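**Q** My questions all concern the structure below.
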Amino acid sequence: MTMFSLTDLEKIVATRAMAEPDQSWTAKLVRGGQRKAAKKLGEEAVETVIAAIAEDRQNLVCESADLLYHLLVVLKIADVPLEAVMQELQRRTAQTGLSEKANRRDP
Ligand SMILES: N=c1c2ncn([C@@H]3O[C@H](COP(=O)(O)OP(=O)(O)OP(=O)(O)O)[C@@H](O)[C@H]3O)c2ncn1[C@@H]1O[C@H](COP(=O)(O)O)[C@@H](O)[C@H]1O
């Protein structure tokens with residue numbers, strides 16, 4: 001069995017974004033606009049943090065899934081393809097996180 005990937009979920013999100021809002025959470029979020037979708041993403045991030053701190057592994061899995069799904073919806077609304085994020089992550093593999101932080105210029 002091939003592993004389900006974020007790219008697969010990105011395609012589902014793109015398809016469901018065009019569905020009727022009363023039949024799809026994705027469509028409802030997309031029609032509601034970025035402010036609401038991003039707020040939902042923030043809530044899911046907080047719930048993920050709480051699960052991590054509570055050392056609740058099962059809940060951490062569920063909240064992480066909610067978080068990644070809502071991130072893909074926010075990227076969809078912003079018209080940012082997952083590929084752009086992956087390219088940025090790939091670019092960063094050229095250096096360690098610590099050296100990136102040390103070389104960062106503060107605004
Ligand atoms: N992965 C997800 C996914 N994760 C979470 N959610 C929904 O996100 C919503 C918000 O989650 P919460 O736990 O915060 O629920 P809640 O507290 O009741 O939310 P509120 O009513 O308080 O806003 C729920 O309705 C979840 O069902 C998701 N909805 C959809 N997907 C994927 O998107 C596909 C298409 O879904 P639809 O767009 O609904 O057809 C699905 O088959 C899945 O693959």
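Numbering starts fresh at 1 for the residues of each chain in the structure tokens, the chains themselves are lettered A, B, ... in the order given, and ligands are numbered from 1 as they appear.
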Give me the residues near Asp8 (chain A) as a PyMOL selection string, where near means some atom within 12 Å (using only C-alpha atoms) and where sequence neighbours in that chain fewer than 6 positions away do not count.

**A** chain A and resi 2+14-15+69+72+82

**Q** Go ahead and dump the residues you just picked, C-alpha atoms, as an mmCIF file, in the first residue's frame.

**A**
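Printed below is again07.cif as written:
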data_model
loop_
_atom_site.group_PDB
_atom_site.id
_atom_site.type_symbol
_atom_site.label_atom_id
_atom_site.label_comp_id
_atom_site.auth_asym_id
_atom_site.auth_seq_id
_atom_site.Cartn_x
_atom_site.Cartn_y
_atom_site.Cartn_z
ATOM 1 C CA THR A 2 1.402 3.408 -0.938
ATOM 2 C CA ALA A 14 -8.579 21.593 -4.056
ATOM 3 C CA THR A 15 -11.492 19.415 -5.255
ATOM 4 C CA TYR A 69 -5.418 19.702 7.040
ATOM 5 C CA LEU A 72 -3.505 23.054 3.522
ATOM 6 C CA LEU A 82 2.368 22.856 -1.089
#

**Q** Please write out the residues within 12 Å of ligand 1 as number ranges by chain, counting only C-alpha atoms and all ligand atoms.

**A** A: 4-32, 36-37, 39-48, 59, 61-73

**Q** Can I get the selected residues back with C-alpha atoms, as a PDB file, in the first residue's frame?

**A**
ATOM      1  CA  PHE A   4      -1.110   8.700   1.879  1.00  0.00           C
ATOM      2  CA  SER A   5       0.739  11.997   1.467  1.00  0.00           C
ATOM      3  CA  LEU A   6       0.108  15.689   2.024  1.00  0.00           C
ATOM      4  CA  THR A   7       0.120  16.010  -1.780  1.00  0.00           C
ATOM      5  CA  ASP A   8      -2.843  13.610  -1.891  1.00  0.00           C
ATOM      6  CA  LEU A   9      -4.643  15.668   0.760  1.00  0.00           C
ATOM      7  CA  GLU A  10      -3.817  18.897  -1.115  1.00  0.00           C
ATOM      8  CA  LYS A  11      -5.630  17.465  -4.167  1.00  0.00           C
ATOM      9  CA  ILE A  12      -8.666  16.517  -2.050  1.00  0.00           C
ATOM     10  CA  VAL A  13      -8.743  20.028  -0.570  1.00  0.00           C
ATOM     11  CA  ALA A  14      -8.579  21.593  -4.056  1.00  0.00           C
ATOM     12  CA  THR A  15     -11.492  19.415  -5.255  1.00  0.00           C
ATOM     13  CA  ARG A  16     -13.639  19.893  -2.147  1.00  0.00           C
ATOM     14  CA  ALA A  17     -13.042  23.658  -2.169  1.00  0.00           C
ATOM     15  CA  MET A  18     -15.394  23.742  -5.160  1.00  0.00           C
ATOM     16  CA  ALA A  19     -18.171  21.733  -3.445  1.00  0.00           C
ATOM     17  CA  GLU A  20     -21.328  23.172  -1.925  1.00  0.00           C
ATOM     18  CA  PRO A  21     -20.548  24.705   1.504  1.00  0.00           C
ATOM     19  CA  ASP A  22     -23.409  22.798   3.162  1.00  0.00           C
ATOM     20  CA  GLN A  23     -21.839  19.522   2.013  1.00  0.00           C
ATOM     21  CA  SER A  24     -18.173  20.166   2.689  1.00  0.00           C
ATOM     22  CA  TRP A  25     -16.195  21.585   5.628  1.00  0.00           C
ATOM     23  CA  THR A  26     -13.436  22.511   3.162  1.00  0.00           C
ATOM     24  CA  ALA A  27     -15.835  24.473   0.960  1.00  0.00           C
ATOM     25  CA  LYS A  28     -17.330  26.149   4.049  1.00  0.00           C
ATOM     26  CA  LEU A  29     -13.877  27.240   5.218  1.00  0.00           C
ATOM     27  CA  VAL A  30     -12.829  28.473   1.768  1.00  0.00           C
ATOM     28  CA  ARG A  31     -16.059  30.472   1.290  1.00  0.00           C
ATOM     29  CA  GLY A  32     -15.681  31.900   4.791  1.00  0.00           C
ATOM     30  CA  LYS A  36     -11.741  32.637   9.603  1.00  0.00           C
ATOM     31  CA  ALA A  37      -9.688  29.788   8.110  1.00  0.00           C
ATOM     32  CA  LYS A  39      -8.184  31.561  12.980  1.00  0.00           C
ATOM     33  CA  LYS A  40      -9.222  27.897  12.790  1.00  0.00           C
ATOM     34  CA  LEU A  41      -5.607  26.984  11.936  1.00  0.00           C
ATOM     35  CA  GLY A  42      -4.477  28.877  15.034  1.00  0.00           C
ATOM     36  CA  GLU A  43      -6.981  26.975  17.205  1.00  0.00           C
ATOM     37  CA  GLU A  44      -5.744  23.661  15.838  1.00  0.00           C
ATOM     38  CA  ALA A  45      -2.134  24.746  16.512  1.00  0.00           C
ATOM     39  CA  VAL A  46      -2.997  25.514  20.147  1.00  0.00           C
ATOM     40  CA  GLU A  47      -4.808  22.168  20.510  1.00  0.00           C
ATOM     41  CA  THR A  48      -1.716  20.432  19.098  1.00  0.00           C
ATOM     42  CA  ASN A  59      -4.563  13.147  20.815  1.00  0.00           C
ATOM     43  CA  VAL A  61      -1.822  12.381  16.296  1.00  0.00           C
ATOM     44  CA  CYS A  62      -5.431  13.617  15.891  1.00  0.00           C
ATOM     45  CA  GLU A  63      -4.634  17.283  16.526  1.00  0.00           C
ATOM     46  CA  SER A  64      -1.620  17.128  14.191  1.00  0.00           C
ATOM     47  CA  ALA A  65      -3.907  15.769  11.469  1.00  0.00           C
ATOM     48  CA  ASP A  66      -6.385  18.630  12.084  1.00  0.00           C
ATOM     49  CA  LEU A  67      -3.466  21.096  11.999  1.00  0.00           C
ATOM     50  CA  LEU A  68      -1.999  19.839   8.713  1.00  0.00           C
ATOM     51  CA  TYR A  69      -5.418  19.702   7.040  1.00  0.00           C
ATOM     52  CA  HIS A  70      -6.268  23.275   8.100  1.00  0.00           C
ATOM     53  CA  LEU A  71      -2.804  24.458   6.985  1.00  0.00           C
ATOM     54  CA  LEU A  72      -3.505  23.054   3.522  1.00  0.00           C
ATOM     55  CA  VAL A  73      -6.842  24.912   3.447  1.00  0.00           C
TER      56      VAL A  73
END

**Q** Would you work out the distance separating CA of Leu89 (chain A) from CA of Gly33 (chain A), expressed in Å to one decimal?

**A** 26.6 Å

**Q** DSSP on the backbone, then: every residue of chain A marked alpha helix (DSSP H), written as an MDAnalysis selection string.

**A** chainID A and resid 6:16 25:32 34:53 57:77 82:92 97:103

**Q** Next, dump the selected residues to file, keeping only C-alpha atoms, as a PDB file, in the first residue's frame.

**A**
ATOM      1  CA  LEU A   6       0.108  15.689   2.024  1.00  0.00           C
ATOM      2  CA  THR A   7       0.120  16.010  -1.780  1.00  0.00           C
ATOM      3  CA  ASP A   8      -2.843  13.610  -1.891  1.00  0.00           C
ATOM      4  CA  LEU A   9      -4.643  15.668   0.760  1.00  0.00           C
ATOM      5  CA  GLU A  10      -3.817  18.897  -1.115  1.00  0.00           C
ATOM      6  CA  LYS A  11      -5.630  17.465  -4.167  1.00  0.00           C
ATOM      7  CA  ILE A  12      -8.666  16.517  -2.050  1.00  0.00           C
ATOM      8  CA  VAL A  13      -8.743  20.028  -0.570  1.00  0.00           C
ATOM      9  CA  ALA A  14      -8.579  21.593  -4.056  1.00  0.00           C
ATOM     10  CA  THR A  15     -11.492  19.415  -5.255  1.00  0.00           C
ATOM     11  CA  ARG A  16     -13.639  19.893  -2.147  1.00  0.00           C
ATOM     12  CA  TRP A  25     -16.195  21.585   5.628  1.00  0.00           C
ATOM     13  CA  THR A  26     -13.436  22.511   3.162  1.00  0.00           C
ATOM     14  CA  ALA A  27     -15.835  24.473   0.960  1.00  0.00           C
ATOM     15  CA  LYS A  28     -17.330  26.149   4.049  1.00  0.00           C
ATOM     16  CA  LEU A  29     -13.877  27.240   5.218  1.00  0.00           C
ATOM     17  CA  VAL A  30     -12.829  28.473   1.768  1.00  0.00           C
ATOM     18  CA  ARG A  31     -16.059  30.472   1.290  1.00  0.00           C
ATOM     19  CA  GLY A  32     -15.681  31.900   4.791  1.00  0.00           C
ATOM     20  CA  GLN A  34      -8.826  33.596   5.022  1.00  0.00           C
ATOM     21  CA  ARG A  35      -9.451  35.396   8.301  1.00  0.00           C
ATOM     22  CA  LYS A  36     -11.741  32.637   9.603  1.00  0.00           C
ATOM     23  CA  ALA A  37      -9.688  29.788   8.110  1.00  0.00           C
ATOM     24  CA  ALA A  38      -6.461  31.158   9.593  1.00  0.00           C
ATOM     25  CA  LYS A  39      -8.184  31.561  12.980  1.00  0.00           C
ATOM     26  CA  LYS A  40      -9.222  27.897  12.790  1.00  0.00           C
ATOM     27  CA  LEU A  41      -5.607  26.984  11.936  1.00  0.00           C
ATOM     28  CA  GLY A  42      -4.477  28.877  15.034  1.00  0.00           C
ATOM     29  CA  GLU A  43      -6.981  26.975  17.205  1.00  0.00           C
ATOM     30  CA  GLU A  44      -5.744  23.661  15.838  1.00  0.00           C
ATOM     31  CA  ALA A  45      -2.134  24.746  16.512  1.00  0.00           C
ATOM     32  CA  VAL A  46      -2.997  25.514  20.147  1.00  0.00           C
ATOM     33  CA  GLU A  47      -4.808  22.168  20.510  1.00  0.00           C
ATOM     34  CA  THR A  48      -1.716  20.432  19.098  1.00  0.00           C
ATOM     35  CA  VAL A  49       0.515  22.248  21.589  1.00  0.00           C
ATOM     36  CA  ILE A  50      -1.764  21.222  24.471  1.00  0.00           C
ATOM     37  CA  ALA A  51      -1.688  17.558  23.352  1.00  0.00           C
ATOM     38  CA  ALA A  52       2.107  17.679  23.064  1.00  0.00           C
ATOM     39  CA  ILE A  53       2.576  19.175  26.529  1.00  0.00           C
ATOM     40  CA  ARG A  57       0.178  10.626  22.009  1.00  0.00           C
ATOM     41  CA  GLN A  58      -3.199   9.622  20.570  1.00  0.00           C
ATOM     42  CA  ASN A  59      -4.563  13.147  20.815  1.00  0.00           C
ATOM     43  CA  LEU A  60      -1.305  14.526  19.398  1.00  0.00           C
ATOM     44  CA  VAL A  61      -1.822  12.381  16.296  1.00  0.00           C
ATOM     45  CA  CYS A  62      -5.431  13.617  15.891  1.00  0.00           C
ATOM     46  CA  GLU A  63      -4.634  17.283  16.526  1.00  0.00           C
ATOM     47  CA  SER A  64      -1.620  17.128  14.191  1.00  0.00           C
ATOM     48  CA  ALA A  65      -3.907  15.769  11.469  1.00  0.00           C
ATOM     49  CA  ASP A  66      -6.385  18.630  12.084  1.00  0.00           C
ATOM     50  CA  LEU A  67      -3.466  21.096  11.999  1.00  0.00           C
ATOM     51  CA  LEU A  68      -1.999  19.839   8.713  1.00  0.00           C
ATOM     52  CA  TYR A  69      -5.418  19.702   7.040  1.00  0.00           C
ATOM     53  CA  HIS A  70      -6.268  23.275   8.100  1.00  0.00           C
ATOM     54  CA  LEU A  71      -2.804  24.458   6.985  1.00  0.00           C
ATOM     55  CA  LEU A  72      -3.505  23.054   3.522  1.00  0.00           C
ATOM     56  CA  VAL A  73      -6.842  24.912   3.447  1.00  0.00           C
ATOM     57  CA  VAL A  74      -5.099  28.172   4.413  1.00  0.00           C
ATOM     58  CA  LEU A  75      -2.454  27.605   1.708  1.00  0.00           C
ATOM     59  CA  LYS A  76      -5.234  26.913  -0.809  1.00  0.00           C
ATOM     60  CA  ILE A  77      -7.001  30.184   0.024  1.00  0.00           C
ATOM     61  CA  LEU A  82       2.368  22.856  -1.089  1.00  0.00           C
ATOM     62  CA  GLU A  83       5.260  22.496  -3.532  1.00  0.00           C
ATOM     63  CA  ALA A  84       6.424  26.036  -2.654  1.00  0.00           C
ATOM     64  CA  VAL A  85       6.608  25.084   1.031  1.00  0.00           C
ATOM     65  CA  MET A  86       8.423  21.832   0.212  1.00  0.00           C
ATOM     66  CA  GLN A  87      10.929  23.723  -1.954  1.00  0.00           C
ATOM     67  CA  GLU A  88      11.624  26.085   0.931  1.00  0.00           C
ATOM     68  CA  LEU A  89      12.112  23.127   3.283  1.00  0.00           C
ATOM     69  CA  GLN A  90      14.433  21.501   0.746  1.00  0.00           C
ATOM     70  CA  ARG A  91      16.426  24.728   0.400  1.00  0.00           C
ATOM     71  CA  ARG A  92      16.903  24.743   4.172  1.00  0.00           C
ATOM     72  CA  GLY A  97      18.663  25.214  11.836  1.00  0.00           C
ATOM     73  CA  LEU A  98      21.142  26.692  14.319  1.00  0.00           C
ATOM     74  CA  SER A  99      23.395  28.230  11.643  1.00  0.00           C
ATOM     75  CA  GLU A 100      20.317  29.608   9.837  1.00  0.00           C
ATOM     76  CA  LYS A 101      19.217  31.275  13.082  1.00  0.00           C
ATOM     77  CA  ALA A 102      22.720  32.682  13.680  1.00  0.00           C
ATOM     78  CA  ASN A 103      22.888  34.160  10.153  1.00  0.00           C
TER      79      ASN A 103
END
